[in-house]
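Okay, upload.cif now, which holds mmCIF, C-alpha atoms and all ligand atoms:
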data_entry
#
loop_
_atom_site.label_atom_id
_atom_site.label_comp_id
_atom_site.auth_asym_id
_atom_site.auth_seq_id
_atom_site.Cartn_x
_atom_site.Cartn_y
_atom_site.Cartn_z
CA MET A 1 134.50 51.30 159.49
CA ILE A 2 136.60 52.22 156.53
CA ARG A 3 135.68 55.29 154.49
CA ARG A 4 134.68 54.29 150.98
CA PRO A 5 134.65 56.59 147.99
CA ALA A 6 131.25 57.39 146.53
CA LEU A 7 129.77 54.83 144.14
CA ARG A 8 131.14 55.44 140.69
CA ARG A 9 131.64 53.88 137.32
CA ALA A 10 134.40 51.30 136.97
CA PRO A 11 137.60 53.03 135.93
CA PRO A 12 138.41 53.01 132.23
CA VAL A 13 141.24 50.70 131.23
CA THR A 14 144.24 52.96 131.26
CA ALA A 15 147.56 52.53 129.53
CA GLU A 16 149.20 51.60 132.82
CA ARG A 17 146.79 48.69 133.28
CA GLU A 18 147.69 47.31 129.87
CA GLY A 19 150.54 44.87 129.27
CA SER A 20 153.15 45.41 131.90
CA MET A 21 152.28 45.16 135.58
CA GLU A 22 155.03 47.54 136.64
CA GLN A 23 154.09 49.74 139.62
CA LYS A 24 151.52 47.08 140.60
CA VAL A 25 151.58 44.96 143.74
CA ALA A 26 150.37 41.37 144.09
CA ILE A 27 149.72 39.39 147.26
CA VAL A 28 149.80 35.62 146.86
CA THR A 29 148.66 33.59 149.88
CA GLY A 30 150.22 30.14 150.02
CA GLY A 31 152.80 31.92 147.88
CA ALA A 32 155.62 29.61 148.95
CA GLY A 33 153.78 26.48 147.77
CA GLY A 34 153.83 24.69 144.42
CA LEU A 35 151.16 26.72 142.62
CA GLY A 36 151.72 29.88 144.68
CA SER A 37 155.42 30.11 143.85
CA ALA A 38 154.75 29.74 140.11
CA ILE A 39 152.18 32.54 140.39
CA CYS A 40 154.61 34.76 142.33
CA ARG A 41 157.30 34.25 139.69
CA LYS A 42 154.87 34.99 136.87
CA PHE A 43 153.75 38.26 138.50
CA SER A 44 157.38 39.23 138.90
CA THR A 45 158.14 38.43 135.27
CA ARG A 46 155.38 40.87 134.31
CA GLY A 47 156.95 43.60 136.48
CA ALA A 48 154.69 43.49 139.56
CA ALA A 49 156.13 43.57 143.07
CA VAL A 50 155.09 40.45 144.96
CA ALA A 51 154.25 39.67 148.57
CA VAL A 52 154.81 35.98 149.25
CA ALA A 53 152.29 35.46 152.07
CA ASP A 54 152.63 32.07 153.70
CA ILE A 55 152.67 30.39 157.09
CA ASN A 56 156.01 28.84 156.11
CA GLN A 57 158.28 31.84 156.63
CA GLU A 58 161.48 30.09 155.66
CA ALA A 59 160.11 28.95 152.29
CA ALA A 60 158.55 32.39 151.71
CA GLU A 61 161.90 34.10 152.42
CA GLN A 62 163.70 31.74 150.07
CA LEU A 63 161.27 32.46 147.25
CA ALA A 64 161.36 36.23 147.83
CA GLN A 65 165.17 36.12 147.68
CA SER A 66 165.12 34.01 144.55
CA VAL A 67 162.68 36.43 142.85
CA ALA A 68 164.91 39.35 143.89
CA SER A 69 168.04 37.64 142.57
CA ASP A 70 166.23 37.27 139.22
CA GLY A 71 165.76 41.04 139.19
CA GLY A 72 162.25 41.23 140.67
CA LYS A 73 160.88 42.88 143.79
CA ALA A 74 159.43 40.59 146.46
CA ILE A 75 158.89 40.43 150.19
CA ALA A 76 158.03 37.49 152.43
CA VAL A 77 155.15 37.98 154.85
CA GLN A 78 154.39 35.33 157.43
CA VAL A 79 150.67 34.86 157.85
CA GLU A 80 148.13 32.40 159.22
CA VAL A 81 145.26 32.94 156.79
CA THR A 82 142.65 31.73 159.28
CA ASP A 83 143.64 34.33 161.89
CA GLU A 84 141.99 37.74 161.57
CA MET A 85 144.76 39.71 163.27
CA SER A 86 147.47 37.92 161.33
CA VAL A 87 145.73 38.70 158.01
CA THR A 88 145.12 42.36 158.93
CA SER A 89 148.73 42.76 159.94
CA ALA A 90 149.97 40.99 156.77
CA VAL A 91 148.05 43.35 154.48
CA ARG A 92 149.31 46.36 156.47
CA THR A 93 152.88 45.07 156.13
CA VAL A 94 152.46 44.74 152.37
CA VAL A 95 151.10 48.29 152.07
CA SER A 96 153.84 49.74 154.27
CA HIS A 97 156.62 47.97 152.30
CA LEU A 98 155.23 47.96 148.76
CA GLY A 99 152.81 50.90 148.91
CA ARG A 100 149.57 49.41 147.62
CA VAL A 101 147.66 46.25 146.62
CA ASP A 102 146.41 45.65 143.07
CA PHE A 103 146.08 41.87 142.90
CA LEU A 104 145.20 39.21 145.46
CA VAL A 105 145.53 35.50 144.78
CA HIS A 106 144.32 33.23 147.59
CA CYS A 107 146.19 29.99 147.15
CA ALA A 108 146.81 28.80 150.72
CA GLY A 109 145.19 25.48 151.44
CA THR A 110 145.37 22.00 152.88
CA ASN A 111 144.24 18.59 151.66
CA ILE A 112 142.98 16.47 154.52
CA LYS A 113 142.15 12.83 153.91
CA ALA A 114 139.08 11.62 155.79
CA PRO A 115 135.76 10.13 154.71
CA ILE A 116 132.78 11.95 156.21
CA LEU A 117 131.85 9.04 158.54
CA ASP A 118 135.26 9.29 160.24
CA MET A 119 135.82 13.02 159.99
CA SER A 120 136.32 15.02 163.15
CA LEU A 121 134.89 18.50 163.50
CA ASP A 122 138.48 19.75 163.72
CA GLN A 123 139.33 18.25 160.33
CA TRP A 124 136.22 19.77 158.80
CA ASN A 125 136.97 23.17 160.32
CA ILE A 126 140.64 23.17 159.32
CA SER A 127 139.71 22.67 155.68
CA LEU A 128 136.87 25.21 155.62
CA GLU A 129 138.95 27.77 157.51
CA ALA A 130 142.11 27.57 155.39
CA HIS A 131 140.29 27.75 152.07
CA LEU A 132 137.11 29.71 152.75
CA THR A 133 137.61 31.75 155.91
CA GLY A 134 141.11 32.58 154.69
CA ALA A 135 139.60 33.85 151.44
CA PHE A 136 137.05 35.94 153.33
CA LEU A 137 139.64 37.51 155.64
CA PHE A 138 142.21 38.24 152.91
CA CYS A 139 139.64 39.50 150.41
CA ARG A 140 138.10 41.80 153.00
CA GLU A 141 141.43 43.35 154.03
CA ALA A 142 142.96 43.56 150.55
CA GLY A 143 139.58 44.64 149.12
CA ARG A 144 139.34 47.55 151.58
CA GLN A 145 142.79 48.66 150.46
CA MET A 146 141.93 48.39 146.76
CA VAL A 147 138.66 50.29 147.23
CA GLU A 148 140.49 53.04 149.10
CA GLN A 149 143.08 53.30 146.32
CA GLY A 150 140.18 53.85 143.92
CA ASP A 151 141.63 52.42 140.72
CA GLY A 152 140.39 48.85 140.63
CA GLY A 153 142.19 45.55 140.88
CA SER A 154 141.74 41.80 140.51
CA VAL A 155 141.21 38.89 142.89
CA VAL A 156 141.67 35.22 142.03
CA LEU A 157 140.63 32.43 144.40
CA MET A 158 142.23 29.00 143.98
CA SER A 159 139.36 26.55 143.73
CA SER A 160 139.66 23.10 142.12
CA VAL A 161 137.85 20.62 139.85
CA THR A 162 136.78 19.04 143.14
CA ALA A 163 134.29 21.89 143.46
CA THR A 164 132.13 19.91 141.01
CA ALA A 165 133.81 16.47 141.03
CA PRO A 166 134.19 15.50 144.71
CA VAL A 167 137.13 13.27 145.66
CA PRO A 168 136.32 10.16 147.73
CA GLU A 169 137.61 10.44 151.30
CA ARG A 170 138.35 14.15 151.05
CA GLY A 171 134.93 15.18 152.27
CA ALA A 172 135.78 18.70 153.42
CA TYR A 173 138.01 19.71 150.50
CA GLY A 174 135.41 19.75 147.70
CA PRO A 175 132.78 21.66 149.70
CA ALA A 176 135.40 24.29 150.60
CA LYS A 177 136.46 24.60 146.94
CA ALA A 178 132.84 24.83 145.77
CA ALA A 179 132.21 27.61 148.27
CA LEU A 180 135.12 29.57 146.82
CA ILE A 181 133.41 29.74 143.42
CA ASN A 182 130.25 31.06 145.07
CA PHE A 183 132.34 33.54 147.06
CA ALA A 184 134.01 34.80 143.87
CA GLY A 185 130.50 35.37 142.50
CA GLN A 186 129.46 37.21 145.64
CA LEU A 187 132.48 39.51 145.57
CA GLY A 188 132.16 39.94 141.82
CA LEU A 189 128.68 41.38 142.41
CA GLU A 190 129.73 43.62 145.27
CA TRP A 191 133.02 44.92 143.84
CA ALA A 192 132.32 45.37 140.11
CA ARG A 193 131.37 48.97 140.93
CA TYR A 194 134.92 49.54 142.17
CA GLY A 195 136.55 48.14 139.03
CA ILE A 196 137.64 44.98 140.87
CA ASN A 197 136.95 41.66 139.15
CA VAL A 198 136.90 38.49 141.25
CA ASN A 199 137.14 34.99 139.81
CA ALA A 200 138.05 31.45 140.84
CA VAL A 201 140.25 29.03 138.95
CA CYS A 202 139.69 25.28 139.12
CA PRO A 203 142.82 23.28 138.30
CA GLY A 204 142.84 19.54 137.78
CA VAL A 205 145.85 17.85 139.32
CA ALA A 206 149.24 19.57 139.46
CA LEU A 207 152.42 17.90 140.69
CA THR A 208 153.09 20.11 143.70
CA PRO A 209 154.20 19.27 147.25
CA MET A 210 150.50 18.88 148.18
CA THR A 211 149.91 16.30 145.43
CA GLU A 212 153.21 14.55 146.09
CA MET A 213 152.13 14.12 149.71
CA VAL A 214 148.85 12.54 148.53
CA TYR A 215 150.66 10.22 146.06
CA SER A 216 153.22 9.18 148.67
CA ARG A 217 150.32 7.82 150.77
CA GLU A 218 148.58 6.22 147.77
CA PRO A 219 151.13 5.44 145.03
CA GLU A 220 148.59 3.78 142.70
CA LEU A 221 146.42 6.91 142.63
CA ARG A 222 148.42 8.81 140.02
CA GLU A 223 148.03 6.14 137.34
CA GLN A 224 144.31 5.73 138.12
CA ARG A 225 143.74 9.45 137.84
CA LEU A 226 145.69 9.96 134.64
CA LYS A 227 143.37 7.46 132.93
CA ARG A 228 140.60 10.04 133.43
CA PHE A 229 142.61 12.92 131.94
CA PRO A 230 142.25 12.92 128.12
CA ILE A 231 145.35 15.14 127.97
CA LYS A 232 147.30 12.41 129.83
CA ARG A 233 149.32 14.59 132.13
CA GLU A 234 148.99 16.87 135.13
CA VAL A 235 148.63 20.61 134.68
CA LEU A 236 151.89 22.49 135.11
CA PRO A 237 151.98 25.11 137.88
CA GLU A 238 153.13 27.60 135.20
CA GLU A 239 149.96 26.88 133.20
CA VAL A 240 147.79 27.63 136.25
CA ALA A 241 149.87 30.80 136.77
CA ASP A 242 149.23 31.83 133.14
CA LEU A 243 145.47 31.64 133.75
CA VAL A 244 145.73 33.57 137.02
CA LEU A 245 147.78 36.32 135.36
CA PHE A 246 145.32 36.48 132.48
CA LEU A 247 142.46 37.01 134.95
CA CYS A 248 144.45 39.88 136.46
CA SER A 249 145.12 41.46 133.05
CA LYS A 250 143.16 44.13 131.21
CA GLU A 251 142.17 41.52 128.62
CA ALA A 252 140.10 39.80 131.33
CA ARG A 253 138.44 42.91 132.75
CA TYR A 254 134.97 41.74 131.66
CA ILE A 255 135.36 38.27 133.21
CA ASN A 256 133.87 38.47 136.67
CA GLY A 257 132.39 36.23 139.33
CA VAL A 258 133.01 32.83 137.72
CA GLY A 259 135.00 29.65 138.31
CA ILE A 260 137.16 28.62 135.35
CA PRO A 261 138.39 25.01 134.99
CA ILE A 262 141.95 24.34 133.82
CA ASP A 263 141.81 20.57 133.73
CA GLY A 264 142.84 19.14 130.35
CA GLY A 265 139.26 17.96 129.74
CA PHE A 266 138.85 16.07 133.03
CA LEU A 267 135.45 17.51 133.99
CA ASN A 268 134.17 16.55 130.55
CA SER A 269 135.43 12.97 130.76
CA GLY A 270 132.36 11.13 132.11
CA PHE A 271 132.15 8.89 129.01
CA TYR A 272 135.87 8.95 128.31
CA GLN A 273 137.65 5.64 127.81
CA ASP A 274 141.40 5.55 128.03
CA PRO A 275 142.57 4.20 124.64
CA GLU A 276 145.44 2.42 126.35
CA SER A 277 143.29 0.45 128.84
N1 LIG A 301 148.10 20.66 143.55
C1 LIG A 301 146.95 20.44 142.94
O1 LIG A 301 146.80 19.47 142.19
C2 LIG A 301 145.82 21.39 143.15
C3 LIG A 301 144.70 21.27 142.31
C4 LIG A 301 143.63 22.16 142.48
C5 LIG A 301 143.69 23.12 143.46
N2 LIG A 301 144.77 23.20 144.27
C6 LIG A 301 144.79 24.23 145.30
O2 LIG A 301 145.84 25.13 145.02
C7 LIG A 301 146.32 25.68 146.23
C8 LIG A 301 147.82 25.47 146.32
O3 LIG A 301 148.07 24.08 146.27
P1 LIG A 301 149.55 23.49 146.10
O4 LIG A 301 149.39 22.22 145.40
O5 LIG A 301 150.45 24.54 145.59
O6 LIG A 301 149.86 23.15 147.62
P2 LIG A 301 151.20 23.38 148.47
O7 LIG A 301 151.02 22.51 149.66
O8 LIG A 301 152.41 23.22 147.62
O9 LIG A 301 151.08 24.91 148.89
C9 LIG A 301 150.16 25.37 149.85
C10 LIG A 301 150.81 26.52 150.58
O10 LIG A 301 149.84 27.07 151.48
C11 LIG A 301 150.50 27.35 152.71
N3 LIG A 301 149.49 27.29 153.76
C12 LIG A 301 148.74 26.22 154.13
N4 LIG A 301 147.92 26.56 155.12
C13 LIG A 301 148.16 27.86 155.41
C14 LIG A 301 147.63 28.77 156.35
N5 LIG A 301 146.67 28.38 157.21
N6 LIG A 301 148.08 30.06 156.35
C15 LIG A 301 149.04 30.43 155.48
N7 LIG A 301 149.60 29.61 154.58
C16 LIG A 301 149.15 28.35 154.54
C17 LIG A 301 151.55 26.25 152.86
O11 LIG A 301 152.58 26.62 153.74
C18 LIG A 301 152.02 26.09 151.42
O12 LIG A 301 153.13 26.91 151.13
C19 LIG A 301 145.54 25.01 147.35
O13 LIG A 301 144.45 25.82 147.72
C20 LIG A 301 145.04 23.74 146.70
O14 LIG A 301 143.88 23.26 147.32
C21 LIG A 301 145.85 22.36 144.13
#
Just dump the structure as structure tokens.
Ligand SMILES: NC(=O)c1ccc[n+]([C@@H]2O[C@H](COP(=O)([O-])OP(=O)(O)OC[C@H]3O[C@@H](n4cnc5c(N)ncnc54)[C@H](O)[C@@H]3O)[C@@H](O)[C@H]2O)c1
Amino acid sequence: MIRRPALRRAPPVTAEREGSMEQKVAIVTGGAGGLGSAICRKFSTRGAAVAVADINQEAAEQLAQSVASDGGKAIAVQVEVTDEMSVTSAVRTVVSHLGRVDFLVHCAGTNIKAPILDMSLDQWNISLEAHLTGAFLFCREAGRQMVEQGDGGSVVLMSSVTATAPVPERGAYGPAKAALINFAGQLGLEWARYGINVNAVCPGVALTPMTEMVYSREPELREQRLKRFPIKREVLPEEVADLVLFLCSKEARYINGVGIPIDGGFLNSGFYQDPES
């Protein structure tokens, strides 16, 4: 069991938590992916050191080098987010190289296509484990570190609009994303006393490698979907990163335990009619 400091009031917002994130350390799981890499770059722009935590070591190394060549500080950490030992070791590696953990963004995930009637237990488990079990394992390890440090922090879990608007034939994805919002609420309750806020963000569709893989299987899907987006475009990874960074900033310190859509009006579009159709 880890030794926890006595229960205390959340720390006051100090000058060092305002504005710049210099001296702070962020872990981004799935950090080498489309959304993850935009989030890593944004943290670096704000002065934080970044751990690109991903199963794809080559892509993680490339991103860490690119961040470093832009003047930032980044390390690549290979991790399988569903594996307890791998996650424990990844967080230890981050602390031994970068000294601490202030922010955790859990972005690793998969998008398996299968309607429930045809879904294997393996497919169900893979989805739940990457999104939800991965969040549990990483939050527990990084959370223990943040609590031990004693000066707060922020966690952001990458949910999706599919948490409330399920996608046909992706029967394990939406339930996993919905669970992440509940899990952010759970942690928000348990960790507010330590000055750690925990939230989920729920993007609509972003053009990342994951989405490109989906569209390559179903080319007509993009046009169909965009008809339901009043804003008529996908969200940019940088826009999702802006929201994540905001939730990690002192301006967001009172936002805790919620899932926040960033969807261009999609979830509100039940009665929407595309003017061009
Ligand atoms: N792209 C979208 O439109 C969209 C919308 C809403 C939510 N999301 C969510 O955002 C997150 C990132 O999506 P993306 O579009 O950037 O996908 P992506 O495929 O570009 O990136 C996912 C990253 O996660 C890593 N990863 C996958 N499984 C892993 C595991 N078990 N352990 C460690 N790393 C693992 C991959 O190597 C990859 O780098 C996912 O959780 C996804 O569900 C994406």
Find the residues near ligand LIG 301 (chain A). Use a cut-off of 9 Å, count all atoms listed in the file, and write them as a compact mmCIF listing (two decimals) with C-alpha atoms, in the frame of the given file.
# COMPACT_ATOMS: atom_id res chain seq x y z
CA THR A 29 148.66 33.59 149.88
CA GLY A 30 150.22 30.14 150.02
CA GLY A 31 152.80 31.92 147.88
CA ALA A 32 155.62 29.61 148.95
CA GLY A 33 153.78 26.48 147.77
CA GLY A 34 153.83 24.69 144.42
CA LEU A 35 151.16 26.72 142.62
CA GLY A 36 151.72 29.88 144.68
CA SER A 37 155.42 30.11 143.85
CA ALA A 38 154.75 29.74 140.11
CA ALA A 53 152.29 35.46 152.07
CA ASP A 54 152.63 32.07 153.70
CA ILE A 55 152.67 30.39 157.09
CA ASN A 56 156.01 28.84 156.11
CA GLN A 57 158.28 31.84 156.63
CA ALA A 59 160.11 28.95 152.29
CA ALA A 60 158.55 32.39 151.71
CA GLN A 78 154.39 35.33 157.43
CA VAL A 79 150.67 34.86 157.85
CA GLU A 80 148.13 32.40 159.22
CA VAL A 81 145.26 32.94 156.79
CA THR A 82 142.65 31.73 159.28
CA ASP A 83 143.64 34.33 161.89
CA HIS A 106 144.32 33.23 147.59
CA CYS A 107 146.19 29.99 147.15
CA ALA A 108 146.81 28.80 150.72
CA GLY A 109 145.19 25.48 151.44
CA THR A 110 145.37 22.00 152.88
CA ASN A 111 144.24 18.59 151.66
CA ILE A 126 140.64 23.17 159.32
CA GLU A 129 138.95 27.77 157.51
CA ALA A 130 142.11 27.57 155.39
CA HIS A 131 140.29 27.75 152.07
CA GLY A 134 141.11 32.58 154.69
CA LEU A 157 140.63 32.43 144.40
CA MET A 158 142.23 29.00 143.98
CA SER A 159 139.36 26.55 143.73
CA SER A 160 139.66 23.10 142.12
CA VAL A 161 137.85 20.62 139.85
CA THR A 162 136.78 19.04 143.14
CA TYR A 173 138.01 19.71 150.50
CA LYS A 177 136.46 24.60 146.94
CA VAL A 201 140.25 29.03 138.95
CA CYS A 202 139.69 25.28 139.12
CA PRO A 203 142.82 23.28 138.30
CA GLY A 204 142.84 19.54 137.78
CA VAL A 205 145.85 17.85 139.32
CA ALA A 206 149.24 19.57 139.46
CA LEU A 207 152.42 17.90 140.69
CA THR A 208 153.09 20.11 143.70
CA PRO A 209 154.20 19.27 147.25
CA MET A 210 150.50 18.88 148.18
CA THR A 211 149.91 16.30 145.43
CA GLU A 212 153.21 14.55 146.09
CA MET A 213 152.13 14.12 149.71
CA GLU A 234 148.99 16.87 135.13
CA VAL A 235 148.63 20.61 134.68
CA PRO A 237 151.98 25.11 137.88
Check your understanding: CA of Ala48 in chain A and CA of Glu22 in chain A are how many Å apart?
Key ->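 So the answer is 5.0 Å.
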Study note, to complete from the structure: Counting all atoms listed in the file, the residue among A:Val25, A:Cys40, A:Ala165, A:Ile181 that lies closest to Met146 in chain A is A:Val25
Revision key, fill the gap. Between A:Pro275, A:Gly257, A:Pro219, A:Gly171, smallest distance to Gln123 in chain A by all atoms listed in the file belongs to A:Gly171
Exercise for review: Would you list the contacts of range 195-198 of chain A as a ChimeraX atom specification, taking every protein, DNA or RNA residue within 9 Å and counting all atoms listed in the file, but skipping same-chain residues closer than 2 positions in sequence?
Suggested key: /A:9-12,143,146-147,150-157,183-189,191-193,200,247-248,252-258
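Minimum atom-to-atom distances from A:Asn182, A:Gln23, A:Ser127, A:Gln62 to Phe103 in chain A were compared using only C-alpha atoms, and the lowest value belongs to A:Gln23.
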Practice item. Can you work out which one of A:Arg222, A:Arg92, A:Arg100, A:Lys227 has the shortest atom-to-atom distance to Gln149 in chain A, counting all atoms listed in the file? Key: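 So, comparing all the options, the nearest one is A:Arg100.
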Practice item. Quick one: pull the distance between CA of Val240 in chain A and CA of Ile260 in chain A, Å, one decimal. Key: 10.7 Å
Exercise for review: Work out how far CA of Val77 in chain A is from CA of Arg41 in chain A, in Å to one decimal.
Suggested key: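 For CA of Arg41 in chain A relative to CA of Val77 in chain A, the distance reads 15.8 Å.
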Exercise for review: Find, counting only C-alpha atoms, the residue in A:Glu190, A:Asp274, A:Glu218, A:Asp242 that gets nearest to Lys113 in chain A.
Suggested key: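 Comparing A:Glu190, A:Asp274, A:Glu218, A:Asp242 against Lys113 in chain A, the winner is A:Glu218.
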**Study point:** Counting all atoms listed in the file, the residue of A:Asp122, A:Glu141, A:Gln65, A:Ser44 that sits nearest Ala90 in chain A
**Key:** A:Glu141
Pull range 235-259 of chain A out of the block and emit N, CA and C atoms, as a PDB file, in the first residue's frame.
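Once written, out_35.pdb looks like this:
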ATOM      1  N   VAL A 235     -13.672  17.795 -36.266  1.00  0.00           N
ATOM      2  CA  VAL A 235     -12.896  18.576 -35.295  1.00  0.00           C
ATOM      3  C   VAL A 235     -11.411  18.361 -35.579  1.00  0.00           C
ATOM      4  N   LEU A 236     -10.636  19.433 -35.437  1.00  0.00           N
ATOM      5  CA  LEU A 236      -9.188  19.295 -35.638  1.00  0.00           C
ATOM      6  C   LEU A 236      -8.551  18.717 -34.375  1.00  0.00           C
ATOM      7  N   PRO A 237      -7.556  17.854 -34.510  1.00  0.00           N
ATOM      8  CA  PRO A 237      -6.864  17.350 -33.321  1.00  0.00           C
ATOM      9  C   PRO A 237      -6.375  18.492 -32.420  1.00  0.00           C
ATOM     10  N   GLU A 238      -5.950  19.603 -33.018  1.00  0.00           N
ATOM     11  CA  GLU A 238      -5.464  20.748 -32.222  1.00  0.00           C
ATOM     12  C   GLU A 238      -6.595  21.345 -31.386  1.00  0.00           C
ATOM     13  N   GLU A 239      -7.832  21.277 -31.907  1.00  0.00           N
ATOM     14  CA  GLU A 239      -8.961  21.825 -31.139  1.00  0.00           C
ATOM     15  C   GLU A 239      -9.266  20.927 -29.927  1.00  0.00           C
ATOM     16  N   VAL A 240      -9.143  19.610 -30.133  1.00  0.00           N
ATOM     17  CA  VAL A 240      -9.321  18.697 -28.990  1.00  0.00           C
ATOM     18  C   VAL A 240      -8.201  18.950 -27.980  1.00  0.00           C
ATOM     19  N   ALA A 241      -6.981  19.144 -28.491  1.00  0.00           N
ATOM     20  CA  ALA A 241      -5.839  19.412 -27.595  1.00  0.00           C
ATOM     21  C   ALA A 241      -6.061  20.700 -26.801  1.00  0.00           C
ATOM     22  N   ASP A 242      -6.634  21.728 -27.444  1.00  0.00           N
ATOM     23  CA  ASP A 242      -6.914  22.989 -26.719  1.00  0.00           C
ATOM     24  C   ASP A 242      -7.831  22.724 -25.521  1.00  0.00           C
ATOM     25  N   LEU A 243      -8.862  21.891 -25.731  1.00  0.00           N
ATOM     26  CA  LEU A 243      -9.789  21.604 -24.631  1.00  0.00           C
ATOM     27  C   LEU A 243      -9.087  20.816 -23.522  1.00  0.00           C
ATOM     28  N   VAL A 244      -8.271  19.848 -23.917  1.00  0.00           N
ATOM     29  CA  VAL A 244      -7.544  19.048 -22.920  1.00  0.00           C
ATOM     30  C   VAL A 244      -6.630  19.947 -22.088  1.00  0.00           C
ATOM     31  N   LEU A 245      -5.901  20.829 -22.775  1.00  0.00           N
ATOM     32  CA  LEU A 245      -4.975  21.726 -22.053  1.00  0.00           C
ATOM     33  C   LEU A 245      -5.740  22.672 -21.145  1.00  0.00           C
ATOM     34  N   PHE A 246      -6.898  23.140 -21.612  1.00  0.00           N
ATOM     35  CA  PHE A 246      -7.718  23.999 -20.753  1.00  0.00           C
ATOM     36  C   PHE A 246      -8.103  23.253 -19.469  1.00  0.00           C
ATOM     37  N   LEU A 247      -8.504  21.985 -19.616  1.00  0.00           N
ATOM     38  CA  LEU A 247      -8.926  21.217 -18.432  1.00  0.00           C
ATOM     39  C   LEU A 247      -7.761  20.956 -17.476  1.00  0.00           C
ATOM     40  N   CYS A 248      -6.548  21.085 -17.984  1.00  0.00           N
ATOM     41  CA  CYS A 248      -5.359  20.918 -17.135  1.00  0.00           C
ATOM     42  C   CYS A 248      -4.855  22.262 -16.597  1.00  0.00           C
ATOM     43  N   SER A 249      -5.530  23.342 -16.944  1.00  0.00           N
ATOM     44  CA  SER A 249      -5.044  24.672 -16.557  1.00  0.00           C
ATOM     45  C   SER A 249      -5.697  25.135 -15.259  1.00  0.00           C
ATOM     46  N   LYS A 250      -5.144  26.179 -14.667  1.00  0.00           N
ATOM     47  CA  LYS A 250      -5.733  26.696 -13.424  1.00  0.00           C
ATOM     48  C   LYS A 250      -7.116  27.289 -13.673  1.00  0.00           C
ATOM     49  N   GLU A 251      -7.381  27.721 -14.908  1.00  0.00           N
ATOM     50  CA  GLU A 251      -8.707  28.290 -15.197  1.00  0.00           C
ATOM     51  C   GLU A 251      -9.801  27.224 -15.061  1.00  0.00           C
ATOM     52  N   ALA A 252      -9.425  25.958 -15.161  1.00  0.00           N
ATOM     53  CA  ALA A 252     -10.417  24.876 -15.130  1.00  0.00           C
ATOM     54  C   ALA A 252     -10.426  24.153 -13.787  1.00  0.00           C
ATOM     55  N   ARG A 253      -9.810  24.742 -12.777  1.00  0.00           N
ATOM     56  CA  ARG A 253      -9.623  23.987 -11.526  1.00  0.00           C
ATOM     57  C   ARG A 253     -10.943  23.611 -10.862  1.00  0.00           C
ATOM     58  N   TYR A 254     -12.039  24.338 -11.191  1.00  0.00           N
ATOM     59  CA  TYR A 254     -13.318  24.029 -10.546  1.00  0.00           C
ATOM     60  C   TYR A 254     -14.187  23.127 -11.436  1.00  0.00           C
ATOM     61  N   ILE A 255     -13.648  22.704 -12.567  1.00  0.00           N
ATOM     62  CA  ILE A 255     -14.383  21.766 -13.439  1.00  0.00           C
ATOM     63  C   ILE A 255     -13.907  20.371 -13.078  1.00  0.00           C
ATOM     64  N   ASN A 256     -14.813  19.532 -12.637  1.00  0.00           N
ATOM     65  CA  ASN A 256     -14.380  18.244 -12.090  1.00  0.00           C
ATOM     66  C   ASN A 256     -15.451  17.180 -12.260  1.00  0.00           C
ATOM     67  N   GLY A 257     -15.045  16.038 -12.789  1.00  0.00           N
ATOM     68  CA  GLY A 257     -15.925  14.861 -12.792  1.00  0.00           C
ATOM     69  C   GLY A 257     -16.970  14.852 -13.889  1.00  0.00           C
ATOM     70  N   VAL A 258     -16.729  15.587 -14.985  1.00  0.00           N
ATOM     71  CA  VAL A 258     -17.740  15.656 -16.045  1.00  0.00           C
ATOM     72  C   VAL A 258     -17.161  15.260 -17.402  1.00  0.00           C
ATOM     73  N   GLY A 259     -18.066  14.961 -18.334  1.00  0.00           N
ATOM     74  CA  GLY A 259     -17.690  14.687 -19.720  1.00  0.00           C
ATOM     75  C   GLY A 259     -18.102  15.883 -20.576  1.00  0.00           C
TER      76      GLY A 259
END
